[in-house]
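*Asks:* This is the structure, below, for whatever I ask next.
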Amino acid sequence: MSAVFAARDVTFRYPGSESPAVDVVSLEVAEGAFFALLGPNGSGKSTLLGVLLGEHTRESGTVAYRGRSLESWKRRELAREVAFVPQSEPLAFPMSVRSLVEMGRYPHVGVLGRAGVADEQAIESAMERAGVAALASRSVTTLSGGERQRARIARALAQEPSTLVLDEPTAALDLRYQMETFELLQALTLERGLTVLVATHNLNLAARFATELALLTQGVVKADGVPSEVLRRDLLEQVYHWPVAVVPHPGPGFDAGAPQVIPLSRPTRPRPT
Ligand code: ADP
Ligand code: MG
C-alpha cells in the first residue's frame with residue numbers, strides 16, 4: 001500500500017522551547033484512510049499536522065507525501081493535492097459563502113487570476129457536497145457554527161484535493177453537526193477515495209468513523225492502529241490521567257460495537273476506619 005503521508009523519526013521544537021512538541025514521531029497515513037490523530041490538549045496534534053503540511057521546519061527526521069520528500073513539492077503543486085481546514089480562523093469580513101468557497105480555487109486559477117468553467121463547476125460541486133449550496137449568497141458572518149464549518153469544508157473541497165487535513169473540525173459543533181461532519185468525511189473517503197487526516201478530541205466519533213487512529217501524548221505516538229488497538233482503558237488512563245470505561249457502541253448502525261470511552265468519576269479513597 002502506498003502511503004500518502006509518511007513521517008520517519010520526526011522531531012520539531014518551537015524556538016525557545018525546552019522539550020520538542022513532536023518527539024521522534026513515525027507515522028504513515030495510507031491512501032484512502034480516514035486517519036484520526038488523537039491526544040489531550042497540548043499533546044502535539046496541531047504541531048504534527050503543521051509538520052506534515054511543511055509549515056514547520058523539522059529538527060530531524062523525514063516527511064514524504066506520496067513517496068516524494070516534502071521539500072521536493074512546490075507549494076502550489078502540493079496545494080492542488082492537499083487541502084487544510086484549520087481549527088479556527090477569523091471570518092469577520094462579511095464575504096458571501098460563495099466567495100469563501102471560491103478561495104479554495106487559488107492553486108488552480110491561472111496567473112491572470114481569471115476563473116474558468118472548471119473553476120465554476122468545482123465551486124458549485126463543493127458547495128453541493130458540503131451542503132451549503134442553499135447558503136451561497138449568505139454572508140459568512142451570519143452563519144451558525146455548523147454552517148460555517150461546512151462552508152470551510154466546501155472551500156477545501158473546491159481545491160479538489162486528494163487529501164483533506166482538518167484540525168478539530170467538530171470542536172464547537174452540536175451532536176448533529178458533529179455526526180454530519182464525520183459522515184461527510186467518511187463519505188468522501190468511500191465515494192471519492194479521498195484520504196482524510198483529522199486531529200480531534202472526539203475519541204468516540206473517531207472510534208466509529210476512522211479506519212486508523214494514532215494517540216499522541218507529549219509529542220510521542222503512544223499507540224496507533226485500528227480503534228480497538230488504540231482505545232484501550234490502560235492506554236487512555238495513562239495518557240489522560242483520568243479513569244475511564246471502554247464499552248461497545250450499542251448500535252444500531254454500521255458502527256455498532258465500536259469502542260466508546262466513558263470518563264468515570266474519580267475513584268473514592270477508602271475511608272479511614
Ligand atoms: P494540540 O494540538 O495537541 O493541543 P499543539 O500542537 O498545539 O497541541 O501543542 C503542542 C505543544 O507545543 C504544547 O506544549 C504547546 O504549548 C506548544 N506550542 C504550540 N504552539 C506553540 C508556539 N507557537 N510556540 C511555542 N510553543 C507552542
Ligand atoms: Mg491543536
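Residue numbering restarts at 1 for every chain of the C-alpha cells, chains are lettered A, B, ... in their displayed order, and ligands are numbered from 1 as they appear.
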Considering only C-alpha atoms, return as an mmCIF file with N, CA, C and O atoms, in the first residue's frame whatever protein or nucleic-acid residues lie within 10 Å of Arg80 in chain A, sequence-local ones (same chain, fewer than 2 positions apart) excluded.

*Replies:*
```
data_model
loop_
_atom_site.group_PDB
_atom_site.id
_atom_site.type_symbol
_atom_site.label_atom_id
_atom_site.label_comp_id
_atom_site.auth_asym_id
_atom_site.auth_seq_id
_atom_site.Cartn_x
_atom_site.Cartn_y
_atom_site.Cartn_z
ATOM 1 N N ARG A 75 5.055 24.523 -3.487
ATOM 2 C CA ARG A 75 3.905 24.852 -2.628
ATOM 3 C C ARG A 75 2.576 24.760 -3.360
ATOM 4 O O ARG A 75 1.604 24.212 -2.870
ATOM 5 N N ARG A 76 2.568 25.312 -4.555
ATOM 6 C CA ARG A 76 1.334 25.340 -5.343
ATOM 7 C C ARG A 76 0.932 23.936 -5.786
ATOM 8 O O ARG A 76 -0.248 23.585 -5.810
ATOM 9 N N GLU A 77 1.950 23.154 -6.108
ATOM 10 C CA GLU A 77 1.739 21.774 -6.539
ATOM 11 C C GLU A 77 1.131 20.966 -5.374
ATOM 12 O O GLU A 77 0.165 20.213 -5.549
ATOM 13 N N LEU A 78 1.649 21.174 -4.183
ATOM 14 C CA LEU A 78 1.134 20.482 -3.006
ATOM 15 C C LEU A 78 -0.282 20.966 -2.672
ATOM 16 O O LEU A 78 -1.128 20.180 -2.248
ATOM 17 N N VAL A 82 -3.316 18.691 -1.443
ATOM 18 C CA VAL A 82 -3.691 18.638 -0.032
ATOM 19 C C VAL A 82 -4.435 19.901 0.355
ATOM 20 O O VAL A 82 -3.919 21.002 0.184
ATOM 21 N N ALA A 83 -5.653 19.746 0.887
ATOM 22 C CA ALA A 83 -6.395 20.901 1.395
ATOM 23 C C ALA A 83 -6.413 20.830 2.919
ATOM 24 O O ALA A 83 -6.536 19.756 3.490
ATOM 25 N N GLY A 104 -10.920 28.575 -2.384
ATOM 26 C CA GLY A 104 -10.303 27.253 -2.499
ATOM 27 C C GLY A 104 -9.698 26.993 -3.870
ATOM 28 O O GLY A 104 -8.891 26.086 -4.025
ATOM 29 N N ARG A 105 -10.057 27.790 -4.857
ATOM 30 C CA ARG A 105 -9.549 27.561 -6.226
ATOM 31 C C ARG A 105 -8.163 28.149 -6.453
ATOM 32 O O ARG A 105 -7.595 27.982 -7.531
ATOM 33 N N TYR A 106 -7.615 28.842 -5.432
ATOM 34 C CA TYR A 106 -6.365 29.582 -5.687
ATOM 35 C C TYR A 106 -5.238 28.753 -6.306
ATOM 36 O O TYR A 106 -4.516 29.266 -7.157
ATOM 37 N N PRO A 107 -5.052 27.471 -5.957
ATOM 38 C CA PRO A 107 -3.913 26.778 -6.585
ATOM 39 C C PRO A 107 -4.160 26.440 -8.049
ATOM 40 O O PRO A 107 -3.252 26.017 -8.759
ATOM 41 N N HIS A 108 -5.401 26.581 -8.508
ATOM 42 C CA HIS A 108 -5.748 26.173 -9.873
ATOM 43 C C HIS A 108 -5.870 27.344 -10.832
ATOM 44 O O HIS A 108 -5.679 27.202 -12.028
ATOM 45 N N GLN A 159 -10.900 23.043 -3.742
ATOM 46 C CA GLN A 159 -9.483 22.894 -4.092
ATOM 47 C C GLN A 159 -9.259 21.586 -4.874
ATOM 48 O O GLN A 159 -8.198 21.387 -5.428
ATOM 49 N N GLU A 160 -10.269 20.705 -4.863
ATOM 50 C CA GLU A 160 -10.203 19.383 -5.497
ATOM 51 C C GLU A 160 -8.949 18.613 -5.081
ATOM 52 O O GLU A 160 -8.162 18.157 -5.922
ATOM 53 N N PRO A 161 -8.805 18.455 -3.747
ATOM 54 C CA PRO A 161 -7.612 17.781 -3.251
ATOM 55 C C PRO A 161 -7.788 16.276 -3.302
ATOM 56 O O PRO A 161 -8.915 15.782 -3.447
ATOM 57 N N SER A 162 -6.696 15.539 -3.186
ATOM 58 C CA SER A 162 -6.831 14.096 -2.998
ATOM 59 C C SER A 162 -6.660 13.763 -1.522
ATOM 60 O O SER A 162 -6.954 12.658 -1.097
ATOM 61 N N THR A 163 -6.198 14.739 -0.755
ATOM 62 C CA THR A 163 -6.025 14.553 0.692
ATOM 63 C C THR A 163 -6.608 15.757 1.413
ATOM 64 O O THR A 163 -6.368 16.896 1.020
#
```

*Asks:* Which residues form the shell of 7 Å around ligand 2 when you count only C-alpha atoms and all ligand atoms, given as an MDAnalysis selection string?

*Replies:* chainID A and resid 41:42 44:46 167

*Asks:* Which parts of range 20-118 of chain A does DSSP call alpha helix (DSSP H) when run on the backbone here, written out as a list in words?

*Replies:*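 DSSP on the backbone gives alpha helix (DSSP H) at Lys45, Ser46, Thr47, Leu48, Leu49, Gly50, Val51, Leu52, Arg75, Arg76, Glu77, Leu78, Ala79, Val97, Arg98, Ser99, Leu100, Val101, Glu102, Val117 and Ala118 of chain A.
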
*Asks:* Within 9 Å of ligand 1, counting only C-alpha atoms and all ligand atoms, which protein or nucleic acid residues do you find, written as an MDAnalysis selection string?

*Replies:* chainID A and resid 13:17 19:22 37:50 167:168 199:201 216:219

*Asks:* Between CA of Arg129 in chain A and CA of Phe34 in chain A, measure the distance and give it in Å to one decimal.

*Replies:*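 Between CA of Arg129 in chain A and CA of Phe34 in chain A the gap is 17.8 Å.
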
*Asks:* Please indicate the distance in Å from CA of Asp9 in chain A to CA of Leu215 in chain A, rounded to one decimal place.

*Replies:* 16.0 Å

*Asks:* Counting only C-alpha atoms, give me one row per residue of range 89-164 of chain A with an atom at most 12 Å from an atom of range 179-189 of chain A, showing the shortest contact pair and its distance in Å to one decimal, sorted by chain then residue number, as a Markdown table.

*Replies:*
```
| residue | atom | partner | partner_atom | distance |
| --- | --- | --- | --- | --- |
| A:Ala126 | CA | A:Leu188 | CA | 11.3 |
| A:Glu128 | CA | A:Leu184 | CA | 11.8 |
| A:Arg129 | CA | A:Leu184 | CA | 8.3 |
| A:Ala130 | CA | A:Leu184 | CA | 7.4 |
| A:Gly131 | CA | A:Leu184 | CA | 9.6 |
| A:Gly145 | CA | A:Thr181 | CA | 11.9 |
| A:Gly146 | CA | A:Thr181 | CA | 8.7 |
| A:Glu147 | CA | A:Thr181 | CA | 10.5 |
| A:Arg148 | CA | A:Thr181 | CA | 11.6 |
| A:Gln149 | CA | A:Thr181 | CA | 8.5 |
| A:Arg150 | CA | A:Thr181 | CA | 7.6 |
| A:Ala151 | CA | A:Thr181 | CA | 11.4 |
| A:Arg152 | CA | A:Thr181 | CA | 11.4 |
| A:Ile153 | CA | A:Thr181 | CA | 9.0 |
| A:Ala154 | CA | A:Leu184 | CA | 10.9 |
| A:Ala156 | CA | A:Leu185 | CA | 11.8 |
| A:Leu157 | CA | A:Leu188 | CA | 9.7 |
| A:Glu160 | CA | A:Leu188 | CA | 11.5 |
| A:Pro161 | CA | A:Leu188 | CA | 11.0 |
| A:Ser162 | CA | A:Thr189 | CA | 9.6 |
| A:Thr163 | CA | A:Thr189 | CA | 9.4 |
| A:Leu164 | CA | A:Leu185 | CA | 8.8 |
```

*Asks:* The selected residues should be written to file as a compact mmCIF listing (two decimals), in the first residue's frame (atoms: all heavy atoms).

*Replies:*
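selection_7.txt written:
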```txt
# COMPACT_ATOMS: atom_id res chain seq x y z
N ALA A 126 -18.53 21.60 -4.88
CA ALA A 126 -18.04 21.59 -3.50
C ALA A 126 -19.13 22.09 -2.55
O ALA A 126 -19.34 21.52 -1.47
CB ALA A 126 -16.79 22.46 -3.37
N GLU A 128 -22.35 22.00 -3.08
CA GLU A 128 -23.39 20.97 -3.08
C GLU A 128 -23.01 19.84 -2.11
O GLU A 128 -23.78 19.45 -1.25
CB GLU A 128 -23.49 20.42 -4.52
CG GLU A 128 -24.78 19.72 -4.86
CD GLU A 128 -25.98 20.65 -4.78
OE1 GLU A 128 -26.00 21.72 -5.44
OE2 GLU A 128 -26.90 20.30 -4.02
N ARG A 129 -21.78 19.36 -2.25
CA ARG A 129 -21.34 18.19 -1.47
C ARG A 129 -21.29 18.48 0.02
O ARG A 129 -21.57 17.64 0.85
CB ARG A 129 -19.95 17.71 -1.97
CG ARG A 129 -19.57 16.34 -1.43
CD ARG A 129 -20.54 15.30 -1.96
NE ARG A 129 -20.53 14.04 -1.23
CZ ARG A 129 -21.21 13.81 -0.10
NH1 ARG A 129 -21.92 14.77 0.47
NH2 ARG A 129 -21.18 12.63 0.47
N ALA A 130 -20.90 19.72 0.36
CA ALA A 130 -20.79 20.07 1.78
C ALA A 130 -22.11 20.60 2.34
O ALA A 130 -22.19 20.96 3.51
CB ALA A 130 -19.67 21.09 1.98
N GLY A 131 -23.15 20.65 1.49
CA GLY A 131 -24.47 21.06 1.96
C GLY A 131 -24.60 22.55 2.22
O GLY A 131 -25.34 22.97 3.12
N GLY A 145 -22.47 27.99 13.71
CA GLY A 145 -21.18 27.29 13.78
C GLY A 145 -21.10 26.12 12.82
O GLY A 145 -20.09 25.93 12.14
N GLY A 146 -22.19 25.35 12.74
CA GLY A 146 -22.21 24.18 11.87
C GLY A 146 -22.15 24.55 10.41
O GLY A 146 -21.45 23.93 9.62
N GLU A 147 -22.91 25.61 10.06
CA GLU A 147 -22.94 26.06 8.66
C GLU A 147 -21.57 26.62 8.25
O GLU A 147 -21.08 26.37 7.16
CB GLU A 147 -24.00 27.15 8.48
CG GLU A 147 -25.41 26.61 8.63
CD GLU A 147 -26.46 27.72 8.80
OE1 GLU A 147 -26.09 28.86 9.20
OE2 GLU A 147 -27.64 27.45 8.56
N ARG A 148 -20.97 27.35 9.17
CA ARG A 148 -19.66 27.95 8.89
C ARG A 148 -18.61 26.84 8.67
O ARG A 148 -17.80 26.92 7.75
CB ARG A 148 -19.26 28.81 10.09
CG ARG A 148 -17.97 29.53 9.90
CD ARG A 148 -17.66 30.38 11.11
NE ARG A 148 -18.48 31.59 11.14
CZ ARG A 148 -18.02 32.77 11.60
NH1 ARG A 148 -16.80 32.87 12.06
NH2 ARG A 148 -18.80 33.82 11.61
N GLN A 149 -18.70 25.82 9.49
CA GLN A 149 -17.73 24.73 9.34
C GLN A 149 -17.93 24.02 8.00
O GLN A 149 -16.97 23.67 7.33
CB GLN A 149 -17.90 23.74 10.52
CG GLN A 149 -16.81 22.74 10.67
CD GLN A 149 -15.44 23.38 10.88
OE1 GLN A 149 -14.86 23.93 9.95
NE2 GLN A 149 -14.93 23.32 12.09
N ARG A 150 -19.19 23.85 7.60
CA ARG A 150 -19.45 23.20 6.31
C ARG A 150 -18.95 24.08 5.15
O ARG A 150 -18.46 23.57 4.16
CB ARG A 150 -20.95 22.90 6.15
CG ARG A 150 -21.46 21.87 7.14
CD ARG A 150 -22.62 21.06 6.59
NE ARG A 150 -23.74 21.86 6.16
CZ ARG A 150 -24.71 22.31 6.95
NH1 ARG A 150 -24.68 22.04 8.24
NH2 ARG A 150 -25.70 23.02 6.47
N ALA A 151 -19.08 25.40 5.32
CA ALA A 151 -18.59 26.31 4.27
C ALA A 151 -17.07 26.20 4.16
O ALA A 151 -16.51 26.25 3.06
CB ALA A 151 -19.01 27.75 4.59
N ARG A 152 -16.39 26.04 5.29
CA ARG A 152 -14.93 25.92 5.27
C ARG A 152 -14.52 24.59 4.64
O ARG A 152 -13.51 24.50 3.96
CB ARG A 152 -14.38 26.08 6.68
CG ARG A 152 -14.66 27.48 7.24
CD ARG A 152 -14.38 27.55 8.72
NE ARG A 152 -12.97 27.63 9.00
CZ ARG A 152 -12.33 26.85 9.85
NH1 ARG A 152 -12.98 25.90 10.51
NH2 ARG A 152 -11.05 27.00 10.05
N ILE A 153 -15.32 23.55 4.90
CA ILE A 153 -15.03 22.25 4.26
C ILE A 153 -15.28 22.36 2.75
O ILE A 153 -14.52 21.84 1.94
CB ILE A 153 -15.84 21.12 4.92
CG1 ILE A 153 -15.34 20.89 6.35
CG2 ILE A 153 -15.74 19.82 4.11
CD1 ILE A 153 -16.13 19.90 7.18
N ALA A 154 -16.33 23.11 2.38
CA ALA A 154 -16.61 23.31 0.95
C ALA A 154 -15.44 24.03 0.27
O ALA A 154 -15.05 23.69 -0.85
CB ALA A 154 -17.90 24.12 0.77
N ALA A 156 -12.36 23.81 1.10
CA ALA A 156 -11.29 22.80 0.94
C ALA A 156 -11.61 21.87 -0.23
O ALA A 156 -10.72 21.49 -1.00
CB ALA A 156 -11.12 22.01 2.24
N LEU A 157 -12.90 21.51 -0.39
CA LEU A 157 -13.28 20.60 -1.49
C LEU A 157 -13.14 21.28 -2.84
O LEU A 157 -12.82 20.62 -3.84
CB LEU A 157 -14.71 20.09 -1.30
CG LEU A 157 -14.94 19.16 -0.10
CD1 LEU A 157 -16.41 18.77 -0.02
CD2 LEU A 157 -14.06 17.93 -0.17
N GLU A 160 -10.27 20.71 -4.86
CA GLU A 160 -10.20 19.38 -5.50
C GLU A 160 -8.95 18.61 -5.08
O GLU A 160 -8.16 18.16 -5.92
CB GLU A 160 -10.30 19.50 -7.02
CG GLU A 160 -11.63 20.09 -7.44
CD GLU A 160 -11.83 20.10 -8.95
OE1 GLU A 160 -10.94 20.64 -9.64
OE2 GLU A 160 -12.86 19.58 -9.41
N PRO A 161 -8.80 18.45 -3.75
CA PRO A 161 -7.61 17.78 -3.25
C PRO A 161 -7.79 16.28 -3.30
O PRO A 161 -8.92 15.78 -3.45
CB PRO A 161 -7.58 18.23 -1.79
CG PRO A 161 -9.04 18.33 -1.42
CD PRO A 161 -9.75 18.79 -2.67
N SER A 162 -6.70 15.54 -3.19
CA SER A 162 -6.83 14.10 -3.00
C SER A 162 -6.66 13.76 -1.52
O SER A 162 -6.95 12.66 -1.10
CB SER A 162 -5.83 13.34 -3.86
OG SER A 162 -4.52 13.61 -3.42
N THR A 163 -6.20 14.74 -0.76
CA THR A 163 -6.03 14.55 0.69
C THR A 163 -6.61 15.76 1.41
O THR A 163 -6.37 16.90 1.02
CB THR A 163 -4.53 14.43 1.04
OG1 THR A 163 -3.96 13.37 0.28
CG2 THR A 163 -4.32 14.16 2.51
N LEU A 164 -7.38 15.46 2.46
CA LEU A 164 -8.02 16.52 3.23
C LEU A 164 -7.51 16.42 4.66
O LEU A 164 -7.59 15.35 5.28
CB LEU A 164 -9.54 16.29 3.16
CG LEU A 164 -10.48 17.34 3.66
CD1 LEU A 164 -10.22 18.68 2.99
CD2 LEU A 164 -11.93 16.91 3.37
```

*Asks:* May I have a table of the residues of range 148-222 of chain A lying at most 12 Å from range 229-233 of chain A, giving each one's closest pair of atoms and their distance in Å to one decimal, counting only C-alpha atoms, ordered by chain and ascending residue number, as JSON lines?

*Replies:*
```
{"residue": "A:Asn202", "atom": "CA", "partner": "A:Leu231", "partner_atom": "CA", "distance": 11.6}
{"residue": "A:Leu203", "atom": "CA", "partner": "A:Leu231", "partner_atom": "CA", "distance": 7.9}
{"residue": "A:Asn204", "atom": "CA", "partner": "A:Leu231", "partner_atom": "CA", "distance": 9.1}
{"residue": "A:Leu205", "atom": "CA", "partner": "A:Leu231", "partner_atom": "CA", "distance": 11.7}
{"residue": "A:Ala206", "atom": "CA", "partner": "A:Leu231", "partner_atom": "CA", "distance": 9.8}
{"residue": "A:Ala207", "atom": "CA", "partner": "A:Leu231", "partner_atom": "CA", "distance": 7.7}
{"residue": "A:Arg208", "atom": "CA", "partner": "A:Leu231", "partner_atom": "CA", "distance": 11.3}
{"residue": "A:Ala210", "atom": "CA", "partner": "A:Val230", "partner_atom": "CA", "distance": 11.7}
{"residue": "A:Thr211", "atom": "CA", "partner": "A:Val230", "partner_atom": "CA", "distance": 11.5}
{"residue": "A:Glu212", "atom": "CA", "partner": "A:Val230", "partner_atom": "CA", "distance": 9.0}
{"residue": "A:Leu213", "atom": "CA", "partner": "A:Val230", "partner_atom": "CA", "distance": 6.8}
{"residue": "A:Ala214", "atom": "CA", "partner": "A:Val230", "partner_atom": "CA", "distance": 7.1}
{"residue": "A:Leu215", "atom": "CA", "partner": "A:Val230", "partner_atom": "CA", "distance": 6.9}
{"residue": "A:Leu216", "atom": "CA", "partner": "A:Val230", "partner_atom": "CA", "distance": 10.5}
{"residue": "A:Val221", "atom": "CA", "partner": "A:Val230", "partner_atom": "CA", "distance": 10.6}
{"residue": "A:Lys222", "atom": "CA", "partner": "A:Val230", "partner_atom": "CA", "distance": 8.6}
```

*Asks:* Could you turn the residues from that selection into a file that holds all heavy atoms, as a short mmCIF file (atom, residue, chain, number, x, y, z; two decimals), in the first residue's frame?

*Replies:*
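The resulting file, result26.cif, is reproduced below:
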```
data_model
loop_
_atom_site.label_atom_id
_atom_site.label_comp_id
_atom_site.auth_asym_id
_atom_site.auth_seq_id
_atom_site.Cartn_x
_atom_site.Cartn_y
_atom_site.Cartn_z
N ASN A 202 -12.36 14.13 19.84
CA ASN A 202 -13.54 13.31 19.97
C ASN A 202 -13.22 11.83 19.75
O ASN A 202 -13.33 11.29 18.65
CB ASN A 202 -14.62 13.79 19.00
CG ASN A 202 -15.98 13.42 19.50
OD1 ASN A 202 -16.16 12.31 20.01
ND2 ASN A 202 -16.93 14.33 19.39
N LEU A 203 -12.83 11.18 20.84
CA LEU A 203 -12.41 9.78 20.78
C LEU A 203 -13.54 8.92 20.25
O LEU A 203 -13.31 7.99 19.46
CB LEU A 203 -12.05 9.28 22.19
CG LEU A 203 -10.97 10.07 22.94
CD1 LEU A 203 -10.84 9.54 24.37
CD2 LEU A 203 -9.65 9.99 22.21
N ASN A 204 -14.76 9.21 20.69
CA ASN A 204 -15.87 8.31 20.35
C ASN A 204 -16.28 8.41 18.89
O ASN A 204 -16.61 7.39 18.27
CB ASN A 204 -17.06 8.58 21.29
CG ASN A 204 -16.73 8.15 22.71
OD1 ASN A 204 -15.82 7.34 22.92
ND2 ASN A 204 -17.46 8.67 23.68
N LEU A 205 -16.22 9.61 18.34
CA LEU A 205 -16.52 9.72 16.90
C LEU A 205 -15.39 9.09 16.09
O LEU A 205 -15.63 8.39 15.11
CB LEU A 205 -16.69 11.19 16.49
CG LEU A 205 -18.02 11.84 16.84
CD1 LEU A 205 -18.04 13.27 16.31
CD2 LEU A 205 -19.18 11.06 16.24
N ALA A 206 -14.16 9.32 16.52
CA ALA A 206 -13.02 8.72 15.81
C ALA A 206 -13.16 7.20 15.81
O ALA A 206 -12.94 6.54 14.78
CB ALA A 206 -11.72 9.14 16.47
N ALA A 207 -13.58 6.64 16.93
CA ALA A 207 -13.70 5.18 17.04
C ALA A 207 -14.75 4.63 16.08
O ALA A 207 -14.66 3.51 15.60
CB ALA A 207 -14.08 4.79 18.47
N ARG A 208 -15.77 5.46 15.79
CA ARG A 208 -16.87 5.00 14.93
C ARG A 208 -16.58 5.18 13.46
O ARG A 208 -17.07 4.41 12.64
CB ARG A 208 -18.15 5.75 15.31
CG ARG A 208 -18.58 5.44 16.73
CD ARG A 208 -19.59 6.42 17.24
NE ARG A 208 -20.85 6.34 16.49
CZ ARG A 208 -21.90 7.08 16.77
NH1 ARG A 208 -21.85 7.96 17.74
NH2 ARG A 208 -23.00 6.94 16.08
N ALA A 210 -13.27 6.48 11.99
CA ALA A 210 -11.90 6.43 11.45
C ALA A 210 -11.49 4.98 11.22
O ALA A 210 -11.91 4.08 11.92
CB ALA A 210 -10.94 7.12 12.41
N THR A 211 -10.66 4.79 10.19
CA THR A 211 -10.15 3.45 9.91
C THR A 211 -8.84 3.22 10.66
O THR A 211 -8.44 2.10 10.89
CB THR A 211 -9.91 3.26 8.40
OG1 THR A 211 -9.07 4.34 7.93
CG2 THR A 211 -11.21 3.28 7.64
N GLU A 212 -8.16 4.31 10.99
CA GLU A 212 -6.92 4.19 11.74
C GLU A 212 -6.76 5.37 12.68
O GLU A 212 -7.13 6.49 12.34
CB GLU A 212 -5.73 4.12 10.77
CG GLU A 212 -4.47 3.80 11.52
CD GLU A 212 -3.33 3.27 10.66
OE1 GLU A 212 -3.46 3.28 9.43
OE2 GLU A 212 -2.32 2.89 11.26
N LEU A 213 -6.21 5.09 13.87
CA LEU A 213 -6.03 6.13 14.86
C LEU A 213 -4.58 6.17 15.31
O LEU A 213 -3.89 5.15 15.28
CB LEU A 213 -6.87 5.84 16.12
CG LEU A 213 -8.30 5.36 15.99
CD1 LEU A 213 -8.89 5.11 17.37
CD2 LEU A 213 -9.13 6.38 15.26
N ALA A 214 -4.14 7.36 15.76
CA ALA A 214 -2.87 7.45 16.47
C ALA A 214 -3.13 8.30 17.71
O ALA A 214 -3.80 9.33 17.63
CB ALA A 214 -1.80 8.08 15.60
N LEU A 215 -2.64 7.82 18.84
CA LEU A 215 -2.84 8.52 20.10
C LEU A 215 -1.53 9.18 20.50
O LEU A 215 -0.53 8.50 20.73
CB LEU A 215 -3.29 7.51 21.16
CG LEU A 215 -3.55 8.03 22.57
CD1 LEU A 215 -4.70 9.03 22.59
CD2 LEU A 215 -3.87 6.85 23.52
N LEU A 216 -1.56 10.52 20.57
CA LEU A 216 -0.35 11.28 20.91
C LEU A 216 -0.37 11.65 22.38
O LEU A 216 -1.42 11.95 22.95
CB LEU A 216 -0.31 12.59 20.12
CG LEU A 216 0.19 12.63 18.69
CD1 LEU A 216 0.17 14.08 18.22
CD2 LEU A 216 1.58 12.06 18.57
N VAL A 221 3.95 9.27 19.82
CA VAL A 221 2.83 8.39 19.48
C VAL A 221 2.82 7.24 20.48
O VAL A 221 3.71 6.41 20.51
CB VAL A 221 2.97 7.83 18.05
CG1 VAL A 221 1.84 6.84 17.75
CG2 VAL A 221 2.95 8.95 17.02
N LYS A 222 1.78 7.24 21.31
CA LYS A 222 1.67 6.23 22.36
C LYS A 222 1.15 4.91 21.78
O LYS A 222 1.51 3.83 22.21
CB LYS A 222 0.71 6.76 23.42
CG LYS A 222 0.51 5.89 24.61
CD LYS A 222 1.64 6.06 25.58
CE LYS A 222 1.41 5.18 26.80
NZ LYS A 222 2.55 5.21 27.71
#
```

*Asks:* Select, from A:Val140, A:Val132, A:Val63, A:Leu52, the residue with the minimum atom-to-atom distance to Phe93 in chain A, counting only C-alpha atoms.

*Replies:*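 The shortest atom-to-atom distance to Phe93 in chain A comes from A:Val140.
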
*Asks:* Report as a PyMOL selection string all protein, DNA and RNA residues lying within 8 Å of Glu31 in chain A, evaluated on only C-alpha atoms, omitting residues in the same chain fewer than 6 positions from it.

*Replies:* chain A and resi 1-4+193-195

*Asks:* Quick check, in Å to one decimal: how far apart do CA of Thr170 in chain A and CA of Ala133 in chain A lie?

*Replies:*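 Straight-line distance from CA of Thr170 in chain A to CA of Ala133 in chain A works out to 20.4 Å.
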
*Asks:* May I have all residues of range 5-185 of chain A that DSSP, computed from the backbone, assigns to strand (DSSP E), given as a PyMOL selection string?

*Replies:* chain A and resi 5-12+22-30+34-38+60-65+68-69+82-85+163-167

*Asks:* What's the 10 Å shell around Val246 in chain A, counting only C-alpha atoms, without same-chain residues fewer than 2 positions away, as a VMD selection string?

*Replies:* chain A and resid 204 228 231 to 234 236 244 248 to 249 258 to 263
